[in-house]
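Pasting input-v9.cif here (mmCIF, C-alpha atoms and all ligand atoms):
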data_model
#
loop_
_atom_site.label_atom_id
_atom_site.label_comp_id
_atom_site.auth_asym_id
_atom_site.auth_seq_id
_atom_site.Cartn_x
_atom_site.Cartn_y
_atom_site.Cartn_z
CA MET A 1 0.00 0.00 0.00
CA ARG A 2 1.09 3.55 -0.72
CA VAL A 3 0.03 6.42 1.51
CA VAL A 4 0.56 9.80 -0.14
CA ILE A 5 0.40 12.58 2.43
CA GLN A 6 -0.31 16.07 1.12
CA ASP A 7 -0.37 19.34 3.09
CA ASN A 8 -4.05 20.05 2.64
CA TYR A 9 -7.27 19.05 0.88
CA SER A 10 -6.54 21.03 -2.23
CA LYS A 11 -3.11 19.46 -2.77
CA MET A 12 -4.53 15.99 -2.08
CA CYS A 13 -7.12 16.54 -4.82
CA GLN A 14 -4.53 17.91 -7.22
CA TRP A 15 -2.34 14.85 -6.67
CA ALA A 16 -5.23 12.43 -7.16
CA ALA A 17 -6.48 14.20 -10.30
CA ASN A 18 -2.99 14.10 -11.81
CA TYR A 19 -2.73 10.41 -11.01
CA ILE A 20 -6.07 9.60 -12.64
CA ALA A 21 -5.31 11.75 -15.70
CA LYS A 22 -1.96 10.05 -16.14
CA LYS A 23 -3.58 6.60 -16.02
CA ILE A 24 -6.26 7.56 -18.55
CA LYS A 25 -3.69 9.05 -20.92
CA ALA A 26 -1.43 6.01 -20.62
CA HIS A 27 -4.30 3.66 -21.54
CA LYS A 28 -3.63 2.62 -25.11
CA GLU A 29 -5.84 -0.46 -25.40
CA ASP A 30 -8.83 -0.65 -27.74
CA ARG A 31 -11.23 -1.25 -24.89
CA PRO A 32 -12.26 1.75 -22.76
CA PHE A 33 -10.55 2.74 -19.53
CA VAL A 34 -12.89 1.68 -16.70
CA LEU A 35 -13.03 4.13 -13.80
CA GLY A 36 -14.88 3.55 -10.53
CA LEU A 37 -16.15 6.72 -8.84
CA PRO A 38 -17.46 7.87 -5.46
CA THR A 39 -19.71 10.65 -4.26
CA GLY A 40 -19.26 12.70 -1.08
CA SER A 41 -17.37 15.88 -0.32
CA SER A 42 -13.95 14.21 -0.57
CA PRO A 43 -13.83 13.81 -4.39
CA ILE A 44 -15.30 17.22 -5.30
CA GLY A 45 -11.88 18.89 -5.68
CA VAL A 46 -10.70 15.97 -7.83
CA TYR A 47 -13.72 16.30 -10.10
CA GLN A 48 -13.16 20.04 -10.44
CA GLU A 49 -9.52 19.55 -11.39
CA LEU A 50 -10.31 16.75 -13.89
CA ALA A 51 -13.00 18.95 -15.47
CA ARG A 52 -10.51 21.80 -15.73
CA MET A 53 -8.00 19.50 -17.45
CA ASN A 54 -10.73 18.33 -19.80
CA LYS A 55 -11.70 21.88 -20.75
CA ALA A 56 -8.04 22.78 -21.24
CA GLY A 57 -7.72 19.87 -23.69
CA GLU A 58 -5.23 18.01 -21.50
CA ILE A 59 -7.41 14.93 -21.15
CA THR A 60 -10.52 13.40 -22.72
CA PHE A 61 -13.12 11.07 -21.25
CA LYS A 62 -14.42 9.85 -24.61
CA ASN A 63 -12.86 6.44 -24.08
CA VAL A 64 -13.65 6.23 -20.36
CA VAL A 65 -16.48 4.14 -18.89
CA THR A 66 -17.49 4.90 -15.30
CA PHE A 67 -19.16 2.86 -12.57
CA ASN A 68 -20.30 4.66 -9.46
CA MET A 69 -19.91 3.03 -6.09
CA ASP A 70 -23.36 3.44 -4.67
CA GLU A 71 -26.82 5.01 -4.73
CA TYR A 72 -29.54 5.57 -2.16
CA LEU A 73 -32.43 3.15 -2.41
CA GLY A 74 -35.71 4.89 -3.17
CA LEU A 75 -34.38 8.21 -4.43
CA PRO A 76 -35.23 9.08 -8.02
CA ARG A 77 -32.51 10.52 -10.27
CA GLU A 78 -34.03 13.98 -10.14
CA HIS A 79 -33.77 14.16 -6.33
CA ASP A 80 -31.03 16.64 -5.55
CA GLN A 81 -29.48 14.22 -3.04
CA SER A 82 -29.44 11.21 -5.34
CA TYR A 83 -25.95 10.19 -6.33
CA TRP A 84 -27.05 10.32 -9.99
CA TYR A 85 -27.84 14.00 -9.52
CA PHE A 86 -24.63 14.61 -7.55
CA MET A 87 -22.43 13.02 -10.20
CA HIS A 88 -23.97 14.94 -13.07
CA ASP A 89 -23.99 18.21 -11.18
CA ASN A 90 -20.41 17.90 -9.93
CA PHE A 91 -18.70 16.05 -12.74
CA PHE A 92 -20.40 14.50 -15.75
CA ASN A 93 -22.06 17.73 -16.93
CA HIS A 94 -18.61 19.34 -17.08
CA ILE A 95 -16.66 16.74 -19.08
CA ASP A 96 -16.85 15.16 -22.54
CA ILE A 97 -17.89 11.68 -21.41
CA PRO A 98 -20.58 10.08 -23.62
CA ALA A 99 -23.80 9.57 -21.61
CA GLU A 100 -23.88 5.87 -22.50
CA ASN A 101 -20.49 5.40 -20.78
CA ILE A 102 -21.90 6.39 -17.39
CA ASN A 103 -23.10 3.63 -15.04
CA ILE A 104 -24.87 4.35 -11.77
CA LEU A 105 -26.93 1.86 -9.76
CA ASN A 106 -30.64 2.53 -10.15
CA GLY A 107 -32.04 3.33 -6.72
CA MET A 108 -35.58 3.05 -8.09
CA ALA A 109 -35.14 -0.41 -9.60
CA GLU A 110 -38.21 -2.62 -9.18
CA ASP A 111 -35.95 -5.50 -8.27
CA PRO A 112 -32.91 -4.06 -6.45
CA VAL A 113 -31.24 -7.46 -6.10
CA ALA A 114 -31.44 -8.05 -9.86
CA GLU A 115 -30.17 -4.50 -10.44
CA CYS A 116 -27.08 -5.28 -8.35
CA ALA A 117 -26.46 -8.55 -10.22
CA ARG A 118 -26.80 -6.68 -13.54
CA TYR A 119 -24.25 -4.12 -12.34
CA GLU A 120 -21.67 -6.78 -11.44
CA GLU A 121 -22.19 -8.43 -14.83
CA LYS A 122 -21.74 -5.14 -16.64
CA ILE A 123 -18.50 -4.40 -14.80
CA ALA A 124 -17.28 -7.88 -15.73
CA SER A 125 -18.29 -7.34 -19.38
CA TYR A 126 -15.71 -4.53 -19.57
CA GLY A 127 -13.02 -6.74 -18.09
CA GLY A 128 -13.29 -5.20 -14.62
CA VAL A 129 -12.46 -1.80 -13.20
CA ASP A 130 -9.02 -0.37 -14.03
CA LEU A 131 -8.97 2.21 -11.26
CA PHE A 132 -11.49 2.60 -8.45
CA LEU A 133 -11.45 6.04 -6.87
CA GLY A 134 -13.12 6.10 -3.47
CA GLY A 135 -13.67 7.94 -0.24
CA ILE A 136 -14.47 6.54 3.18
CA GLY A 137 -16.93 7.32 5.92
CA VAL A 138 -15.99 8.32 9.46
CA ASP A 139 -16.63 4.72 10.51
CA GLY A 140 -14.36 3.47 7.73
CA HIS A 141 -17.14 2.43 5.35
CA LEU A 142 -16.05 2.02 1.77
CA ALA A 143 -18.91 2.76 -0.63
CA PHE A 144 -21.85 1.85 1.67
CA ASN A 145 -20.15 -1.17 3.19
CA GLU A 146 -20.70 -0.38 6.84
CA PRO A 147 -18.76 -2.02 9.69
CA PHE A 148 -19.11 -5.81 9.69
CA THR A 149 -20.04 -6.08 6.03
CA SER A 150 -18.22 -9.09 4.63
CA LEU A 151 -14.86 -8.23 3.16
CA THR A 152 -15.75 -10.49 0.22
CA SER A 153 -19.13 -8.83 -0.41
CA ARG A 154 -20.38 -8.10 -3.92
CA THR A 155 -22.77 -5.41 -5.16
CA GLY A 156 -25.98 -5.54 -3.14
CA VAL A 157 -28.53 -3.82 -0.93
CA ARG A 158 -27.08 -2.34 2.28
CA ASP A 159 -28.61 -1.07 5.50
CA LEU A 160 -27.16 2.25 6.63
CA THR A 161 -26.11 2.58 10.25
CA THR A 162 -27.63 5.27 12.45
CA ASP A 163 -24.16 6.87 12.62
CA THR A 164 -23.96 7.19 8.85
CA ARG A 165 -27.48 8.58 8.63
CA ILE A 166 -26.56 11.18 11.25
CA VAL A 167 -23.38 12.13 9.33
CA ASN A 168 -25.21 12.27 5.97
CA GLY A 169 -28.13 14.13 7.55
CA ARG A 170 -26.24 17.34 6.73
CA PHE A 171 -27.47 16.93 3.16
CA PHE A 172 -31.05 16.20 4.25
CA GLU A 173 -31.98 19.33 6.23
CA ASN A 174 -29.93 18.00 9.16
CA ASP A 175 -32.55 15.34 9.72
CA PRO A 176 -31.10 11.79 9.84
CA GLU A 177 -34.64 10.42 9.48
CA LYS A 178 -34.80 11.91 5.99
CA VAL A 179 -31.68 10.00 4.91
CA PRO A 180 -32.74 6.80 3.13
CA ALA A 181 -32.23 3.80 5.41
CA GLN A 182 -30.87 1.62 2.61
CA ALA A 183 -28.63 1.92 -0.39
CA LEU A 184 -27.32 -0.11 -3.29
CA SER A 185 -23.57 -0.45 -3.13
CA VAL A 186 -20.69 -2.22 -4.77
CA GLY A 187 -19.16 -4.74 -2.38
CA ILE A 188 -15.74 -4.75 -0.78
CA GLY A 189 -14.99 -7.71 -3.03
CA THR A 190 -16.04 -5.65 -6.07
CA VAL A 191 -13.62 -2.87 -5.16
CA MET A 192 -10.87 -5.36 -4.33
CA ASP A 193 -11.19 -6.91 -7.80
CA SER A 194 -10.25 -3.67 -9.51
CA LYS A 195 -6.72 -3.38 -10.83
CA GLU A 196 -5.97 -0.30 -8.75
CA VAL A 197 -7.71 1.46 -5.89
CA LEU A 198 -7.19 5.11 -4.93
CA ILE A 199 -8.87 6.25 -1.73
CA LEU A 200 -9.16 9.89 -0.62
CA ILE A 201 -9.07 10.55 3.12
CA SER A 202 -9.28 14.14 4.29
CA GLY A 203 -9.80 15.90 7.60
CA HIS A 204 -9.53 15.26 11.35
CA ASN A 205 -12.80 13.39 11.47
CA LYS A 206 -11.32 10.65 9.27
CA ALA A 207 -8.12 10.24 11.33
CA ARG A 208 -9.27 7.08 13.12
CA ALA A 209 -10.41 5.54 9.84
CA LEU A 210 -7.06 6.31 8.21
CA ALA A 211 -5.14 4.73 11.08
CA ALA A 212 -7.41 1.67 10.93
CA SER A 213 -6.89 1.41 7.16
CA VAL A 214 -3.12 1.56 7.41
CA GLU A 215 -2.01 0.35 10.83
CA GLY A 216 -4.85 -1.73 12.26
CA GLY A 217 -5.34 -5.38 11.45
CA VAL A 218 -7.55 -6.39 8.54
CA SER A 219 -10.98 -6.42 10.13
CA GLN A 220 -14.58 -6.31 9.05
CA LYS A 221 -15.07 -3.67 11.79
CA TRP A 222 -13.20 -1.23 9.54
CA THR A 223 -14.13 -2.37 6.06
CA CYS A 224 -11.55 0.05 4.60
CA SER A 225 -8.83 -2.13 6.16
CA ALA A 226 -9.42 -4.69 3.37
CA LEU A 227 -7.25 -2.39 1.25
CA GLN A 228 -4.23 -3.88 2.99
CA LEU A 229 -4.84 -7.05 0.96
CA HIS A 230 -5.07 -5.22 -2.37
CA PRO A 231 -1.94 -5.50 -4.52
CA ALA A 232 -2.14 -1.90 -5.76
CA ALA A 233 -3.90 0.33 -3.23
CA ILE A 234 -3.08 4.00 -2.72
CA ILE A 235 -4.45 6.26 0.00
CA ALA A 236 -4.14 9.96 -0.80
CA CYS A 237 -4.67 11.97 2.38
CA ASP A 238 -4.08 15.35 3.93
CA GLU A 239 -2.21 16.31 7.09
CA PRO A 240 -5.29 16.64 9.32
CA ALA A 241 -6.28 13.04 8.50
CA CYS A 242 -2.89 11.80 9.76
CA GLY A 243 -3.60 12.74 13.38
CA GLU A 244 -3.99 9.17 14.64
CA LEU A 245 -1.06 7.62 12.76
CA THR A 246 1.95 6.68 14.86
CA VAL A 247 4.91 8.95 14.29
CA ASP A 248 7.03 6.22 12.70
CA THR A 249 4.29 5.33 10.18
CA TYR A 250 3.80 8.98 9.31
CA LYS A 251 7.55 9.51 8.85
CA TYR A 252 7.90 6.30 6.85
CA PHE A 253 5.37 7.34 4.22
CA LEU A 254 6.69 10.90 3.99
CA ASP A 255 10.17 9.50 3.45
CA ILE A 256 9.30 6.82 0.90
CA GLU A 257 7.05 9.15 -1.09
CA ARG A 258 9.58 12.01 -1.04
CA LYS A 259 10.51 11.41 -4.65
CA GLU A 260 7.49 12.04 -6.83
CA ARG A 261 6.72 8.67 -8.38
CA LEU A 262 3.36 9.14 -10.02
C1 LIG A 301 -21.11 8.38 1.79
C2 LIG A 301 -20.79 7.54 0.57
C3 LIG A 301 -19.36 7.06 0.57
C4 LIG A 301 -18.45 8.22 0.87
C5 LIG A 301 -18.75 8.73 2.25
C6 LIG A 301 -17.82 9.83 2.71
O1 LIG A 301 -21.55 7.65 2.88
N1 LIG A 301 -21.64 6.42 0.44
O2 LIG A 301 -19.07 6.46 -0.67
O3 LIG A 301 -17.10 7.79 0.78
O4 LIG A 301 -20.08 9.22 2.23
O5 LIG A 301 -18.26 11.08 2.31
P1 LIG A 301 -17.46 12.40 2.47
O6 LIG A 301 -16.40 12.36 1.42
O7 LIG A 301 -18.45 13.47 2.24
O8 LIG A 301 -16.89 12.41 3.84
#
Show me this structure written as structure tokens.
Ligand code: GLP
Amino acid sequence: MRVVIQDNYSKMCQWAANYIAKKIKAHKEDRPFVLGLPTGSSPIGVYQELARMNKAGEITFKNVVTFNMDEYLGLPREHDQSYWYFMHDNFFNHIDIPAENINILNGMAEDPVAECARYEEKIASYGGVDLFLGGIGVDGHLAFNEPFTSLTSRTGVRDLTTDTRIVNGRFFENDPEKVPAQALSVGIGTVMDSKEVLILISGHNKARALAASVEGGVSQKWTCSALQLHPAAIIACDEPACGELTVDTYKYFLDIERKERL
């Protein structure tokens, strides 16, 4: 695992956007580059920088296919808190990606279980995800894989914990009861199958989750800790998120990442 520590949120996003752009540009195969994407506040700066690069002609998304991590169950696309809406508002409407290349779980599917199976099959039909960008929750959830979700889980229906509904309540008039109680989410196993994983961790409130991801044992209590078993996982984080790392771990990653090795 690599842990890339940047001074602040903005530099973390810049680093991650450069990394993603470099991977897309280096992709020379006939098949599209398959990019997994998250929602949340963490990736917003990355989306803004990628959109800027796109407008400046430095990168194109014409040969990129995306799969989003998750979607609330029961929210229609048009709802301003659906992840479909979020992704279009914050990213897809600002880049040259063809609409048919965008994949987001349908939170209004009549048969959510079948929708999740279809999603897994579609990812497989592209030969898997090349790079999965992600964020994590305060409790270490990756996508909507809350504590004690199986580390081999596949795309499926998830119950949200009260803690997560309280945290996400900030987008629902500060009322956790208005946050949908369930979501559709890729599994930890789905993320682990991707060729590379890049996780953004920013801010003091994620410090425990970062320490659990990097220094704790692999445990279903912190589903993000599964990353330790991925052959090519990168965590891009900022200084405030490093608050719970031991000093030697912190120094180790600063030292080994000193030379820029995008
Ligand atoms: C939600 C999403 C996650 C996301 C998390 C963190 O719960 N389902 O995929 O990583 O929020 O969000 P933020 O980046 O806003 O802290």
Discussion item. Within 6 Å of ligand LIG 301 (chain A) (counting only C-alpha atoms and all ligand atoms), which residues show up? I'd like them as a PyMOL selection string.
Written reply: chain A and resi 38-42+135-137+142-144
Item to complete: Find the spatial neighbours of range 146-148 of chain A, counting only C-alpha atoms, within a cut-off of 6 Å - ignore same-chain residues fewer than 6 positions away - and output them as an MDAnalysis selection string.
Response: chainID A and resid 220:223
Using the selection just defined, write its residues with C-alpha atoms as an mmCIF file, keeping the file's coordinate frame.
data_model
loop_
_atom_site.group_PDB
_atom_site.id
_atom_site.type_symbol
_atom_site.label_atom_id
_atom_site.label_comp_id
_atom_site.auth_asym_id
_atom_site.auth_seq_id
_atom_site.Cartn_x
_atom_site.Cartn_y
_atom_site.Cartn_z
ATOM 1 C CA GLN A 220 -14.580 -6.310 9.050
ATOM 2 C CA LYS A 221 -15.070 -3.670 11.790
ATOM 3 C CA TRP A 222 -13.200 -1.230 9.540
ATOM 4 C CA THR A 223 -14.130 -2.370 6.060
#
Discussion item. List the spatial neighbours of Val113 in chain A as JSON, numbers by chain - criterion: any atom at most 12 Å away, all atoms listed in the file, same-chain residues fewer than 5 positions off excluded.
Written reply: {"A": [73, 105, 106, 107, 108, 118, 119, 120, 154, 155, 156, 157, 158, 183, 184, 185, 186]}
Worksheet entry | Neighbour list for Leu160 in chain A as a VMD selection string, cut-off 7 Å, all atoms listed in the file, skip fewer than 2 positions in-chain | chain A and resid 146 158 162 164 to 165 181 to 182
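Taking CA of Val64 in chain A as the reference point, CA of Leu35 in chain A is found at 6.9 Å.
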Discussion item. Residues near Phe171 in chain A, anyone? I mean within 12 Å using all atoms listed in the file, not counting same-chain ones fewer than 5 positions away, as a ChimeraX atom specification.
Written reply: /A:40-41,79-83,86,164-166,176-180
Could you save those same residues with C-alpha atoms as a PDB file, keeping the file's coordinate frame?
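Ended up saving to result.pdb:
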ATOM      1  CA  GLY A  40     -19.260  12.700  -1.080  1.00  0.00           C
ATOM      2  CA  SER A  41     -17.370  15.880  -0.320  1.00  0.00           C
ATOM      3  CA  HIS A  79     -33.770  14.160  -6.330  1.00  0.00           C
ATOM      4  CA  ASP A  80     -31.030  16.640  -5.550  1.00  0.00           C
ATOM      5  CA  GLN A  81     -29.480  14.220  -3.040  1.00  0.00           C
ATOM      6  CA  SER A  82     -29.440  11.210  -5.340  1.00  0.00           C
ATOM      7  CA  TYR A  83     -25.950  10.190  -6.330  1.00  0.00           C
ATOM      8  CA  PHE A  86     -24.630  14.610  -7.550  1.00  0.00           C
ATOM      9  CA  THR A 164     -23.960   7.190   8.850  1.00  0.00           C
ATOM     10  CA  ARG A 165     -27.480   8.580   8.630  1.00  0.00           C
ATOM     11  CA  ILE A 166     -26.560  11.180  11.250  1.00  0.00           C
ATOM     12  CA  PRO A 176     -31.100  11.790   9.840  1.00  0.00           C
ATOM     13  CA  GLU A 177     -34.640  10.420   9.480  1.00  0.00           C
ATOM     14  CA  LYS A 178     -34.800  11.910   5.990  1.00  0.00           C
ATOM     15  CA  VAL A 179     -31.680  10.000   4.910  1.00  0.00           C
ATOM     16  CA  PRO A 180     -32.740   6.800   3.130  1.00  0.00           C
TER      17      PRO A 180
END
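Remark: for Ser225 in chain A, the closest of the candidate residues A:Asn8, A:Ser194, A:Asn93, A:Ser150 is A:Ser150 (distances computed over all atoms listed in the file).
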Fill in: Nearby residues (all atoms listed in the file) at most 7 Å from Asp130 in chain A, same-chain spacing under 2 positions excluded, as JSON, numbers by chain
{"A": [33, 34, 35, 128, 132, 194, 195, 196]}
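Every residue within 12 Å of the file position (-2.0, 19.9, -2.7), judged by all atoms listed in the file, is given as Val4, Ile5, Gln6, Asp7, Asn8, Tyr9, Ser10, Lys11, Met12, Cys13, Gln14, Trp15, Ala16, Ala17, Asn18, Gly45, Val46, Glu49, Ser202, Ala236, Cys237, Asp238 and Glu239 of chain A.
The coordinates place CA of Ala26 in chain A at 12.8 Å from CA of Phe61 in chain A.
Shortest separation to Ile201 in chain A among A:Leu227, A:Ile256, A:Ile188, A:Ile235 occurs at residue A:Ile235, atoms counted being all atoms listed in the file.
CA of Asp159 in chain A lies 17.5 Å from CA of Ala117 in chain A.
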Worksheet, complete the sentence: From the list A:Glu115, A:Asp30, A:Glu215, A:Glu244, the nearest residue to Gln228 in chain A using only C-alpha atoms is A:Glu215
Discussion item. I need the residue nearest Ser153 in chain A from this list: A:Met53, A:Ala226, A:Ala109, A:Ile95. Use all atoms listed in the file for the distance.
Written reply: A:Ala226
Response to the item:
Counting only C-alpha atoms, closest pick from A:Met1, A:Val129, A:Ala114, A:Thr190 relative to Asp70 in chain A is A:Thr190
Reconstruct range 151-171 of chain A at the level of N, CA, C and O atoms, and format the result as a compact mmCIF listing (two decimals), in the coordinates of the input.
# COMPACT_ATOMS: atom_id res chain seq x y z
N LEU A 151 -15.95 -8.78 3.98
CA LEU A 151 -14.86 -8.23 3.16
C LEU A 151 -14.82 -8.88 1.78
O LEU A 151 -14.04 -8.47 0.94
N THR A 152 -15.66 -9.90 1.56
CA THR A 152 -15.75 -10.49 0.22
C THR A 152 -17.07 -10.12 -0.46
O THR A 152 -17.45 -10.70 -1.48
N SER A 153 -17.80 -9.16 0.11
CA SER A 153 -19.13 -8.83 -0.41
C SER A 153 -19.10 -8.33 -1.85
O SER A 153 -18.11 -7.76 -2.31
N ARG A 154 -20.21 -8.60 -2.55
CA ARG A 154 -20.38 -8.10 -3.92
C ARG A 154 -21.46 -7.02 -3.91
O ARG A 154 -22.05 -6.73 -2.85
N THR A 155 -21.76 -6.47 -5.07
CA THR A 155 -22.77 -5.41 -5.16
C THR A 155 -24.11 -5.90 -4.61
O THR A 155 -24.58 -6.98 -4.98
N GLY A 156 -24.72 -5.11 -3.74
CA GLY A 156 -25.98 -5.54 -3.14
C GLY A 156 -26.66 -4.42 -2.38
O GLY A 156 -26.22 -3.27 -2.40
N VAL A 157 -27.75 -4.78 -1.72
CA VAL A 157 -28.53 -3.82 -0.93
C VAL A 157 -27.89 -3.75 0.46
O VAL A 157 -27.55 -4.77 1.05
N ARG A 158 -27.72 -2.53 0.97
CA ARG A 158 -27.08 -2.34 2.28
C ARG A 158 -27.98 -1.52 3.20
O ARG A 158 -28.59 -0.54 2.77
N ASP A 159 -27.97 -1.90 4.48
CA ASP A 159 -28.61 -1.07 5.50
C ASP A 159 -27.60 -0.02 5.96
O ASP A 159 -26.44 -0.36 6.18
N LEU A 160 -28.06 1.21 6.12
CA LEU A 160 -27.16 2.25 6.63
C LEU A 160 -27.23 2.28 8.15
O LEU A 160 -28.33 2.13 8.72
N THR A 161 -26.10 2.50 8.79
CA THR A 161 -26.11 2.58 10.25
C THR A 161 -26.69 3.94 10.67
O THR A 161 -26.70 4.91 9.89
N THR A 162 -27.13 4.00 11.91
CA THR A 162 -27.63 5.27 12.45
C THR A 162 -26.53 6.32 12.37
O THR A 162 -26.78 7.48 12.02
N ASP A 163 -25.29 5.92 12.67
CA ASP A 163 -24.16 6.87 12.62
C ASP A 163 -24.04 7.50 11.24
O ASP A 163 -23.86 8.71 11.10
N THR A 164 -24.11 6.66 10.21
CA THR A 164 -23.96 7.19 8.85
C THR A 164 -25.14 8.09 8.49
O THR A 164 -24.96 9.13 7.85
N ARG A 165 -26.32 7.73 8.94
CA ARG A 165 -27.48 8.58 8.63
C ARG A 165 -27.37 9.93 9.35
O ARG A 165 -27.77 10.96 8.82
N ILE A 166 -26.77 9.91 10.53
CA ILE A 166 -26.56 11.18 11.25
C ILE A 166 -25.54 12.02 10.47
O ILE A 166 -25.76 13.22 10.21
N VAL A 167 -24.42 11.39 10.06
CA VAL A 167 -23.38 12.13 9.33
C VAL A 167 -23.95 12.67 8.01
O VAL A 167 -23.73 13.83 7.64
N ASN A 168 -24.68 11.85 7.28
CA ASN A 168 -25.21 12.27 5.97
C ASN A 168 -26.44 13.15 6.10
O ASN A 168 -26.90 13.73 5.11
N GLY A 169 -26.96 13.27 7.32
CA GLY A 169 -28.13 14.13 7.55
C GLY A 169 -27.86 15.57 7.16
O GLY A 169 -28.79 16.33 6.88
N ARG A 170 -26.55 15.95 7.10
CA ARG A 170 -26.24 17.34 6.73
C ARG A 170 -26.74 17.69 5.33
O ARG A 170 -26.90 18.87 5.02
N PHE A 171 -26.95 16.68 4.51
CA PHE A 171 -27.47 16.93 3.16
C PHE A 171 -28.99 16.80 3.10
O PHE A 171 -29.60 16.96 2.05
